[in-house]
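Data block below; observations after.
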Amino acid sequence: MSQPPTADKDPSSTSQRGFSRRAMLGALGAGGLGVAAGALGQGILSGSQAAAVPVSDVVEFYGEHQAGIATEAQDRMHMAAFDIITQDRAEVIALLKDWTDAIEHMMRGADVGEFGATGGSYDAPPEDTGEALDLSASHLSVTVGFGRSFFLTNSQPRFGLSDKIPEALVQLPHFPGDALEDARSGGDLVVQACADDPQVAVHAVRNLARIAFGTATVRWSQIGFGRTSSTSTAQKTPRNLFGFKDGTANLKAEEQKALDEHVWVSGKTGNEAWMNAGSYLVARRIRMHIETWDRSSLREQENIFGRTKAQGAPLSGGTEFSEPDFAMEGRSGPIMPMDSHVRLAHPDTNAGVRMLRRGFNYTDGSDGLGRLDAGLFFIAFVVDPRTHFIPMQNNLAKNDALSEYLKHTGSGLFAVPPGIRAGQYLGQGLFT
Amino acid sequence: MKQLRPLYLSAAFSVAVLALSGCTTNAPDSSADDSIKVNSTADACALSAATAPGGTVKFEVKNDGTQVTEFYLLAEDGLRIVGEVENIGPGLTRDLVVMAPEGKYITACKPGMVGEGIRAGFELSAAPEGQTVSADRAELQKQAVTLYAAYVKDQAEQLLAGTKEFATAFEQGDEATARALYPQVRMHWERIEPVAESFGDLDPILDAREADLEADQEWTGWHRAEKDLWPPASGYTSMTAPQRAALAQKMVADTEELQARVLTLTFTPDKLANGAKELLDEVATGKVTGEEEIWSHTDLWDFQANVDGARIAYEDLKPLLGDADAELDAALDAKFSALQKILDTHKVGDGFTFYNDLTEVQVKELSTAVDALAEPLSKLTAAVVK
């Protein structure tokens, strides 16, 4: 397994407060590790060497940008949006501080709190919920963002922050075909937890929700079971639940210049300066009509995507990474159909705009008609949703042949503040 | 129906990942079958064999050139097309499956899609037992599309006549008549919905639901009238008389345009079969969920009409289902009947129960019958294009 560019090089540089699950693994010895590796099934397969050379599957928490954006996409995700239930600015700040502390712990594979899952009073509930004991850091990244309603509720300012609301943090318009459910949309705060191991991601959200009791309450949460995007050239393009490789042309961590142009906010001054080095997170829960899709011919499927199903090559020929030739003529019109997904989502069709897609396949069981409630939990990070998401989504919703098989049921837009240094808390720039 | 995997157990997660990342070479299986390999380049059209047994014949056409290519199987006269595969991009492989009897043929690759193509003789020997091929499949295909074209024309005419009647009642404020006509007239639209939808500009103007609209987009057509005839209990302002008149007149004008364009359409067997499948998709995603007619709840009228349209296409194509497809034919017969039987139980007078009066159990029963039919129906195209 290749190391992500953000993996820590010197674990000793991070704070050692709190119980380290990794230290516990070491204490258990090789036998214990074998069990852990078996339970994980992946991620720390090289764990048997851990006694000699510590294997790091830790994503660095501190840095210019928050982790979980340009970080090599992990395979599992749990995202939760929260509504703040306090009117007290100090309580909100306290929550962000507590979250920062807990996230820093969990990302390096440590328990939450000073005494962790088993080190505290025998007569008190454990500080950490414990289901991640024996599991490694698992490349956990936790990313925090603010929704528009964090700053304003019914146009009323909250927490004295209404003048700090970035212009780009707009109310998303109604897109054609939207069937958004209120209980799956919006939120004052968002937490994106990604990891190699689903239990580590769920553990993160669970503990952050627990810490938030009394200050914020979970509005919706979503589990994704498989990444649908590559954010590094070292990763293979995965398949979505339609069976296609999508997002072949995704922004990659190696493309520093493109990230600066299309993902990271920069050059903001005054009330928006707190967003510099931050980004905007767009989340869309896109239900797929799996059953009708499965009844469509391979011809239709390939024409809808504009790619071959086997290799992911554009229909204009070549291999997966060949640039599509949109001008190439076929028998009746362009060989890459005008309403094909690749054409409509391509930067050439969208004023050169690119986004960093970091979505996940999801399934939430079945609906009352015996159909899979499954699809894509679309996540994208962009420098400004007004230029980098809304126009493209309007175009896709109206013209994309794929739309017939999709139903957007949830939506969220969040301002993701920059990363922090030790001693700071996430979102601090907003309150100072 | 796809089998569910228990995805919430972490062991199963790993299995799912292996399954997802394990399929690196999904190239068409070429080892086991008897397909004839065709290599198309700028100046050659090489076939792995010049003869093959008749019946179902599969060509695997690889484009090793730099231009888009096509491959044709022509009758001995070099004019009549037995089968063709178009739009093969450079480096890509496409299959052509045809059903053809013993006889002499001509193959042709057409790099650049121009000219006569690179031609050669090709011969089919007697078909293996059980694979009898009608000597004149092309004629059967022609009959099928002629029948279907007549049906579409008839439905479009009835739609126009009905729309005029509805528009008059709606414009004059005769709501009772308009409400009675609404589901009846829409059935003509729903029977030929894939045809109507093939006109990308007319479909949203005539059939957009409110949720389909873009912010600030003008809302016209059937569902605009629907909301005004079955208005929400609160928060809705009824249309004024001039607004109603404008909407009614536009619906008539747009339907006239639709009817005129339908006359210019040409059909092919794959369009019929795909259209039938799409009609069942419409039922599965829009009607059986009650999302099509959220104000009038007349979804079962649309449901019946979609099934009618699919059944007509199937019946027109039936003669093309040869011995090899007898099982498919029998399954389609049975599943159409089974679905119709359930629909019949919801008939009330010359209409149907309103969707919001159906129980969850009844909806599930309908949905299950739709899935049962849609699955074999999705195999119809591949069977009739051969």
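In the structure tokens, the first chain shown is A, the next is B, and so on; residue numbers restart at 1 for each chain, and ligands run from 1 in the order shown.
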
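By chain and then residue number, the residues within 9 Å of segment 387-391 of chain A are Leu172, Pro173, Phe175, His262, Val282, Asn350, Val353, Arg354, Met355, Ala380, Val382 and Leu396 of chain A, counting only C-alpha atoms and disregarding those fewer than 5 positions away in sequence.
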
Give me, as a tab-separated table, each residue of segment 79-106 of chain B that comes within 6 Å of segment 50-70 of chain B, together with its shortest interatomic pair and the distance in Å at one decimal, counting only C-alpha atoms, with rows ordered by chain and rising residue number.
residue	atom	partner	partner_atom	distance
B:Val85	CA	B:Glu70	CA	5.7
B:Glu86	CA	B:Glu70	CA	4.6
B:Ile88	CA	B:Thr69	CA	5.3
B:Gly89	CA	B:Val68	CA	4.8
B:Pro90	CA	B:Thr66	CA	5.2
B:Gly91	CA	B:Asn63	CA	5.3
B:Leu92	CA	B:Asn63	CA	5.7
B:Thr93	CA	B:Lys62	CA	4.3
B:Arg94	CA	B:Val61	CA	5.2
B:Asp95	CA	B:Glu60	CA	4.6
B:Leu96	CA	B:Phe59	CA	5.0
B:Val97	CA	B:Lys58	CA	4.4
B:Val98	CA	B:Val57	CA	5.4
B:Met99	CA	B:Thr56	CA	4.4
B:Ala100	CA	B:Gly55	CA	5.3
B:Pro101	CA	B:Gly54	CA	5.1
B:Glu102	CA	B:Gly54	CA	5.2

Please build the interface table for chain B against chain A with a cut-off of 6 Å, listing for each qualifying residue the nearest atom pair and the distance in Å to one decimal; count only C-alpha atoms, order rows by chain and increasing number, and write it as a Markdown table.
| residue | atom | partner | partner_atom | distance |
| --- | --- | --- | --- | --- |
| B:Asn26 | CA | A:Ala310 | CA | 4.8 |
| B:Ala27 | CA | A:Ala310 | CA | 5.7 |
| B:Asn87 | CA | A:Gly330 | CA | 5.2 |
| B:Gly89 | CA | A:Gly317 | CA | 4.5 |
| B:Pro90 | CA | A:Gly317 | CA | 4.5 |
| B:Gly91 | CA | A:Gly318 | CA | 5.3 |
| B:Leu92 | CA | A:Gly317 | CA | 5.9 |
| B:Ala211 | CA | A:Gly177 | CA | 5.2 |
| B:Asp212 | CA | A:Gly177 | CA | 4.1 |
| B:Leu213 | CA | A:Pro176 | CA | 4.6 |
| B:Glu214 | CA | A:Pro176 | CA | 4.7 |
| B:Ala215 | CA | A:His174 | CA | 5.8 |
| B:Asp281 | CA | A:Thr292 | CA | 5.9 |
| B:Lys364 | CA | A:Leu369 | CA | 5.4 |
| B:Ser378 | CA | A:Arg295 | CA | 5.3 |

Just-selected residues, C-alpha atoms written as a compact mmCIF listing (two decimals), in the first residue's frame:
# COMPACT_ATOMS: atom_id res chain seq x y z
CA ASN B 26 -13.70 -7.28 -18.30
CA ALA B 27 -13.00 -7.70 -21.97
CA ASN B 87 -19.51 3.89 -34.32
CA GLY B 89 -13.94 4.18 -32.10
CA PRO B 90 -10.20 3.58 -32.65
CA GLY B 91 -8.93 0.78 -30.44
CA LEU B 92 -12.41 -0.37 -29.41
CA ALA B 211 -39.83 19.19 -9.60
CA ASP B 212 -38.34 18.72 -13.09
CA LEU B 213 -38.01 22.45 -13.60
CA GLU B 214 -34.95 24.59 -13.34
CA ALA B 215 -35.13 27.66 -11.06
CA ASP B 281 -39.03 1.78 -16.67
CA LYS B 364 -45.94 -3.71 -3.65
CA SER B 378 -35.25 -6.10 -21.26

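Atom pair atom CA of Ile211 of chain A / atom CA of Ala117 of chain A: separated by 14.1 Å.
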
ask   = Taking only C-alpha atoms into account, which of A:Gln393, A:Thr228, A:Ser266, A:Thr215 comes nearest Gly375 of chain A?
value =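 When distances to Gly375 of chain A are compared using only C-alpha atoms, the smallest one comes from A:Thr228.
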
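Shortest atom-to-atom contact with Val202 of chain A among A:Ala283, A:Ala249, A:Leu135, A:Met79: A:Met79, counting only C-alpha atoms.
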
query = Got a sec: who's within 9 Å of Asp254 of chain B, counting only C-alpha atoms, leaving out chain neighbours fewer than 5 positions off, as number ranges by chain?
reply = B: 202, 205-206, 221, 249, 259

Selected residue of minimal separation from Ala201 of chain A among A:Glu131, A:Glu255, A:Asp163, A:Asp182, counting only C-alpha atoms =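 Looking at the shortest contact to Ala201 of chain A, the residue is A:Glu131.
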